[in-house]
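Report on one structure; see the data block that follows.
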Amino acid sequence: MNVLIVNGSPRTEGRTTLLTTWMANRFQSSFIDLSEIILPIFNGGADQYESKEVKMLINAVEEADAILIATPEYHGAMSGALKNALDFLNSSYFAHKPMGLIAVAGGGKGGINALNSVRTVARALYGNVLAKQLVIDPTDFTKGDDVITKQMASSIDELFAEVKMYAALSKKVLNEKQNV
């Protein structure tokens, strides 16, 4: 089962990058790190799809059975890097793939607006976004090698398991449909 984890933060040292790197290692998942992959600013031009970075993004999403997206909240929405990445994709890349959402909050405003903005764009892409979503607060991070508290790690494990479950169900239904 190929669950793609997407780091929606452009910051190499940010908590979202720390979290998604930890998740990719924990779950042995494929990983798109928008702090390392610098995409051109989307302008709709066909030539942009020849970019090595854009091809890498599209290929990773195409090959995924499910997608877990994490984003910081910037000014009440997802990061611009994540929105730009999603602009290179269309609904065909999200067909029959469950999506899990995580916001990494920086303070008292939460992260719910970031989740809502990703959910809105995912809906426009016909993404199958799970109802379960997580907000990771600064207090959920640890100073040690564990990166994240045991309680939040358990919640992340549950979200990952749910994404995998829906991906398996989707594959089963699609296989049964093809065999009819």
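Residue numbering restarts at 1 in every chain; chains get A, B, ... in the order shown in the structure tokens, and ligands count up from 1 in that same order.
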Which residues of region 58-151 of chain A come within 7 Å of region 40-44 of chain A, and what is each one's closest atom pair and distance in Å (one decimal), counting only C-alpha atoms, sorted by chain and residue number, as a tab-separated table?
```
residue	atom	partner	partner_atom	distance
A:Asn84	CA	A:Phe42	CA	6.1
A:Asp87	CA	A:Phe42	CA	6.6
A:Phe88	CA	A:Phe42	CA	6.7
```
Please produce a file of the residues just selected, as an mmCIF file, in the first residue's frame, where the atoms kept are all heavy atoms.
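This is the output file out_18.cif:
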```cif
data_model
loop_
_atom_site.group_PDB
_atom_site.id
_atom_site.type_symbol
_atom_site.label_atom_id
_atom_site.label_comp_id
_atom_site.auth_asym_id
_atom_site.auth_seq_id
_atom_site.Cartn_x
_atom_site.Cartn_y
_atom_site.Cartn_z
ATOM 1 N N ASN A 84 0.254 25.980 -4.380
ATOM 2 C CA ASN A 84 0.915 25.973 -5.686
ATOM 3 C C ASN A 84 1.093 24.540 -6.202
ATOM 4 O O ASN A 84 0.826 24.253 -7.366
ATOM 5 C CB ASN A 84 2.274 26.682 -5.583
ATOM 6 C CG ASN A 84 2.940 26.855 -6.919
ATOM 7 O OD1 ASN A 84 2.398 27.451 -7.838
ATOM 8 N ND2 ASN A 84 4.151 26.324 -7.028
ATOM 9 N N ASP A 87 -2.110 23.135 -7.461
ATOM 10 C CA ASP A 87 -2.518 23.736 -8.733
ATOM 11 C C ASP A 87 -1.966 22.976 -9.945
ATOM 12 O O ASP A 87 -2.528 23.068 -11.034
ATOM 13 C CB ASP A 87 -2.085 25.202 -8.801
ATOM 14 C CG ASP A 87 -2.945 26.106 -7.934
ATOM 15 O OD1 ASP A 87 -4.053 25.689 -7.543
ATOM 16 O OD2 ASP A 87 -2.500 27.236 -7.646
ATOM 17 N N PHE A 88 -0.886 22.230 -9.768
ATOM 18 C CA PHE A 88 -0.322 21.442 -10.869
ATOM 19 C C PHE A 88 -1.067 20.122 -11.087
ATOM 20 O O PHE A 88 -0.795 19.407 -12.044
ATOM 21 C CB PHE A 88 1.160 21.139 -10.617
ATOM 22 C CG PHE A 88 2.056 22.296 -10.929
ATOM 23 C CD1 PHE A 88 2.547 23.101 -9.916
ATOM 24 C CD2 PHE A 88 2.399 22.595 -12.238
ATOM 25 C CE1 PHE A 88 3.365 24.176 -10.201
ATOM 26 C CE2 PHE A 88 3.213 23.671 -12.534
ATOM 27 C CZ PHE A 88 3.702 24.465 -11.511
#
```
Surrounding residues of region 55-59 of chain A excluding itself and chain neighbours under 4 positions, 12 Å, only C-alpha atoms, as a ChimeraX atom specification
/A:4-7,30-34,36-40,47-51,63-64,82,84-94
Picked from region 18-171 of chain A by DSSP as strand (DSSP E), as a ChimeraX atom specification
/A:30-33,66-72,98-104,128-136
Just to be explicit: take each residue in the selection above, keep N, CA, C and O atoms, and write the result as an mmCIF file, in the first residue's frame.
```cif
data_model
loop_
_atom_site.group_PDB
_atom_site.id
_atom_site.type_symbol
_atom_site.label_atom_id
_atom_site.label_comp_id
_atom_site.auth_asym_id
_atom_site.auth_seq_id
_atom_site.Cartn_x
_atom_site.Cartn_y
_atom_site.Cartn_z
ATOM 1 N N SER A 30 6.200 6.780 0.892
ATOM 2 C CA SER A 30 6.738 7.720 -0.092
ATOM 3 C C SER A 30 6.497 9.127 0.438
ATOM 4 O O SER A 30 5.617 9.356 1.272
ATOM 5 N N PHE A 31 7.287 10.090 -0.042
ATOM 6 C CA PHE A 31 7.334 11.403 0.596
ATOM 7 C C PHE A 31 7.602 12.478 -0.447
ATOM 8 O O PHE A 31 8.523 12.358 -1.247
ATOM 9 N N ILE A 32 6.772 13.490 -0.442
ATOM 10 C CA ILE A 32 7.020 14.708 -1.223
ATOM 11 C C ILE A 32 7.241 15.816 -0.207
ATOM 12 O O ILE A 32 6.373 16.082 0.621
ATOM 13 N N ASP A 33 8.410 16.434 -0.276
ATOM 14 C CA ASP A 33 8.804 17.453 0.686
ATOM 15 C C ASP A 33 8.919 18.795 -0.022
ATOM 16 O O ASP A 33 9.877 19.042 -0.748
ATOM 17 N N ALA A 66 -3.095 6.371 -1.518
ATOM 18 C CA ALA A 66 -3.707 7.299 -0.572
ATOM 19 C C ALA A 66 -2.714 8.422 -0.315
ATOM 20 O O ALA A 66 -1.522 8.276 -0.589
ATOM 21 N N ILE A 67 -3.219 9.535 0.219
ATOM 22 C CA ILE A 67 -2.372 10.713 0.416
ATOM 23 C C ILE A 67 -2.645 11.285 1.803
ATOM 24 O O ILE A 67 -3.801 11.442 2.203
ATOM 25 N N LEU A 68 -1.563 11.590 2.509
ATOM 26 C CA LEU A 68 -1.637 12.298 3.786
ATOM 27 C C LEU A 68 -0.934 13.633 3.606
ATOM 28 O O LEU A 68 0.256 13.665 3.293
ATOM 29 N N ILE A 69 -1.662 14.725 3.764
ATOM 30 C CA ILE A 69 -1.103 16.059 3.577
ATOM 31 C C ILE A 69 -1.000 16.751 4.925
ATOM 32 O O ILE A 69 -1.969 16.780 5.689
ATOM 33 N N ALA A 70 0.171 17.326 5.186
ATOM 34 C CA ALA A 70 0.362 18.154 6.380
ATOM 35 C C ALA A 70 0.773 19.545 5.936
ATOM 36 O O ALA A 70 1.610 19.700 5.046
ATOM 37 N N THR A 71 0.183 20.553 6.566
ATOM 38 C CA THR A 71 0.500 21.937 6.225
ATOM 39 C C THR A 71 0.541 22.791 7.471
ATOM 40 O O THR A 71 -0.223 22.552 8.415
ATOM 41 N N PRO A 72 1.398 23.788 7.479
ATOM 42 C CA PRO A 72 1.279 24.796 8.532
ATOM 43 C C PRO A 72 0.113 25.711 8.183
ATOM 44 O O PRO A 72 -0.392 25.670 7.061
ATOM 45 N N PRO A 98 -8.182 7.969 -0.939
ATOM 46 C CA PRO A 98 -8.511 8.695 0.282
ATOM 47 C C PRO A 98 -7.383 9.666 0.646
ATOM 48 O O PRO A 98 -6.213 9.420 0.343
ATOM 49 N N MET A 99 -7.784 10.756 1.291
ATOM 50 C CA MET A 99 -6.829 11.766 1.712
ATOM 51 C C MET A 99 -7.031 12.055 3.198
ATOM 52 O O MET A 99 -8.151 12.253 3.644
ATOM 53 N N GLY A 100 -5.939 12.104 3.923
ATOM 54 C CA GLY A 100 -5.964 12.511 5.324
ATOM 55 C C GLY A 100 -5.292 13.867 5.442
ATOM 56 O O GLY A 100 -4.342 14.161 4.712
ATOM 57 N N LEU A 101 -5.784 14.703 6.365
ATOM 58 C CA LEU A 101 -5.266 16.057 6.514
ATOM 59 C C LEU A 101 -4.761 16.304 7.929
ATOM 60 O O LEU A 101 -5.403 15.899 8.907
ATOM 61 N N ILE A 102 -3.626 16.998 7.985
ATOM 62 C CA ILE A 102 -3.027 17.394 9.258
ATOM 63 C C ILE A 102 -2.602 18.849 9.135
ATOM 64 O O ILE A 102 -1.985 19.243 8.144
ATOM 65 N N ALA A 103 -2.925 19.635 10.161
ATOM 66 C CA ALA A 103 -2.422 21.010 10.246
ATOM 67 C C ALA A 103 -1.446 21.082 11.408
ATOM 68 O O ALA A 103 -1.690 20.497 12.471
ATOM 69 N N VAL A 104 -0.355 21.774 11.188
ATOM 70 C CA VAL A 104 0.613 22.007 12.251
ATOM 71 C C VAL A 104 0.447 23.461 12.664
ATOM 72 O O VAL A 104 0.778 24.373 11.903
ATOM 73 N N ASN A 128 -11.090 12.500 -2.068
ATOM 74 C CA ASN A 128 -11.900 11.812 -1.060
ATOM 75 C C ASN A 128 -11.280 12.046 0.312
ATOM 76 O O ASN A 128 -10.555 11.211 0.844
ATOM 77 N N VAL A 129 -11.565 13.216 0.879
ATOM 78 C CA VAL A 129 -10.961 13.610 2.149
ATOM 79 C C VAL A 129 -11.719 12.976 3.305
ATOM 80 O O VAL A 129 -12.943 13.067 3.383
ATOM 81 N N LEU A 130 -10.971 12.331 4.193
ATOM 82 C CA LEU A 130 -11.576 11.705 5.361
ATOM 83 C C LEU A 130 -12.129 12.759 6.313
ATOM 84 O O LEU A 130 -11.612 13.874 6.393
ATOM 85 N N ALA A 131 -13.138 12.383 7.055
ATOM 86 C CA ALA A 131 -13.685 13.285 8.069
ATOM 87 C C ALA A 131 -12.677 13.487 9.205
ATOM 88 O O ALA A 131 -12.535 14.585 9.733
ATOM 89 N N LYS A 132 -11.969 12.442 9.559
ATOM 90 C CA LYS A 132 -10.963 12.540 10.625
ATOM 91 C C LYS A 132 -9.818 13.417 10.134
ATOM 92 O O LYS A 132 -9.303 13.232 9.038
ATOM 93 N N GLN A 133 -9.426 14.370 10.975
ATOM 94 C CA GLN A 133 -8.305 15.248 10.667
ATOM 95 C C GLN A 133 -7.624 15.612 11.978
ATOM 96 O O GLN A 133 -8.219 15.462 13.045
ATOM 97 N N LEU A 134 -6.385 16.071 11.901
ATOM 98 C CA LEU A 134 -5.631 16.378 13.112
ATOM 99 C C LEU A 134 -5.051 17.778 13.066
ATOM 100 O O LEU A 134 -4.654 18.250 11.999
ATOM 101 N N VAL A 135 -4.981 18.404 14.233
ATOM 102 C CA VAL A 135 -4.228 19.638 14.421
ATOM 103 C C VAL A 135 -3.119 19.309 15.412
ATOM 104 O O VAL A 135 -3.392 18.803 16.506
ATOM 105 N N ILE A 136 -1.896 19.560 15.010
ATOM 106 C CA ILE A 136 -0.735 19.308 15.861
ATOM 107 C C ILE A 136 -0.281 20.653 16.426
ATOM 108 O O ILE A 136 0.093 21.547 15.667
#
```
Region 15-166 of chain A: which residues are helix (DSSP H, G or I) by DSSP, as a short mmCIF file (atom, residue, chain, number, x, y, z; two decimals) with C-alpha atoms, in the first residue's frame?
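Printed below is out16.cif as written:
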```
data_model
loop_
_atom_site.label_atom_id
_atom_site.label_comp_id
_atom_site.auth_asym_id
_atom_site.auth_seq_id
_atom_site.Cartn_x
_atom_site.Cartn_y
_atom_site.Cartn_z
CA ARG A 15 7.68 21.73 12.63
CA THR A 16 5.66 20.51 9.64
CA THR A 17 8.86 19.34 7.96
CA LEU A 18 9.99 17.69 11.20
CA LEU A 19 6.62 15.95 11.57
CA THR A 20 6.30 14.71 7.98
CA THR A 21 9.89 13.44 7.92
CA TRP A 22 9.17 11.56 11.13
CA MET A 23 5.94 10.17 9.61
CA ALA A 24 7.63 9.08 6.37
CA ASN A 25 10.26 7.21 8.39
CA ARG A 26 7.75 5.75 10.86
CA PHE A 27 5.45 4.42 8.15
CA ALA A 46 2.17 23.56 -20.75
CA ASP A 47 5.93 24.05 -20.59
CA GLN A 48 5.81 23.99 -16.77
CA TYR A 49 4.88 20.33 -16.88
CA GLU A 50 8.32 19.59 -18.35
CA LYS A 52 11.72 17.79 -13.29
CA GLU A 53 10.12 18.87 -10.00
CA VAL A 54 6.60 19.00 -11.44
CA LYS A 55 7.07 15.57 -13.01
CA MET A 56 8.28 14.25 -9.64
CA LEU A 57 5.18 15.64 -7.90
CA ILE A 58 2.75 14.28 -10.49
CA ASN A 59 4.43 10.87 -10.54
CA ALA A 60 4.32 10.57 -6.74
CA VAL A 61 0.61 11.46 -6.60
CA GLU A 62 -0.23 9.16 -9.54
CA GLU A 63 1.50 6.19 -7.89
CA GLY A 80 1.32 28.94 -0.51
CA ALA A 81 3.78 26.17 -1.40
CA LEU A 82 1.08 23.54 -0.91
CA LYS A 83 -1.56 25.50 -2.84
CA ASN A 84 0.92 25.97 -5.69
CA ALA A 85 1.67 22.23 -5.74
CA LEU A 86 -2.03 21.35 -5.80
CA ASP A 87 -2.52 23.74 -8.73
CA SER A 91 -8.98 15.43 -10.45
CA SER A 92 -7.61 12.41 -12.33
CA TYR A 93 -4.72 12.22 -9.86
CA ILE A 112 -8.61 24.56 11.50
CA ASN A 113 -8.52 27.26 8.83
CA ALA A 114 -5.58 25.52 7.14
CA LEU A 115 -7.52 22.25 7.22
CA ASN A 116 -10.60 23.94 5.80
CA SER A 117 -8.62 25.54 2.96
CA VAL A 118 -7.00 22.22 2.00
CA ARG A 119 -10.39 20.51 2.20
CA THR A 120 -11.91 23.15 -0.11
CA VAL A 121 -9.19 22.70 -2.74
CA ALA A 122 -9.28 18.90 -2.39
CA ARG A 123 -13.05 18.98 -2.92
CA ALA A 124 -12.50 20.96 -6.14
CA PRO A 138 3.52 23.13 19.53
CA THR A 139 2.92 21.30 22.83
CA ASP A 140 2.56 18.01 20.89
CA LYS A 150 3.03 9.41 22.57
CA GLN A 151 -0.60 10.56 22.65
CA MET A 152 -0.30 12.48 19.36
CA ALA A 153 1.75 9.66 17.81
CA SER A 154 -1.18 7.37 18.61
CA SER A 155 -3.60 9.77 16.89
CA ILE A 156 -1.34 9.95 13.83
CA ASP A 157 -1.14 6.14 13.77
CA GLU A 158 -4.96 5.99 13.81
CA LEU A 159 -5.26 8.48 10.94
CA PHE A 160 -2.65 6.58 8.92
CA ALA A 161 -4.48 3.28 9.55
CA GLU A 162 -7.80 4.83 8.49
CA VAL A 163 -6.30 6.18 5.25
CA LYS A 164 -4.87 2.71 4.51
CA MET A 165 -8.19 1.05 5.30
CA TYR A 166 -10.11 3.27 2.89
#
```
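Between CA of Glu176 (chain A) and CA of Val3 (chain A) there is a distance of 21.7 Å.
Here CA of Val147 (chain A) stands at a distance of 23.4 Å from CA of Asn2 (chain A).
Each of A:Gly45, A:Asp145, A:Ser79, A:Ala95 was compared to Ser170 (chain A) using only C-alpha atoms, and A:Ala95 turns out to be the nearest.
Atom pair CA of Gly127 (chain A) / CA of Ala105 (chain A): separated by 23.1 Å.
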In terms of only C-alpha atoms, the residue from A:His96, A:Gly14, A:Gly8, A:Gly111 at minimal distance from Leu174 (chain A) is A:His96
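Among the candidates A:Lys143, A:Lys177, A:His75, A:Lys97, the one nearest to Met1 (chain A) when counting only C-alpha atoms is A:Lys97.
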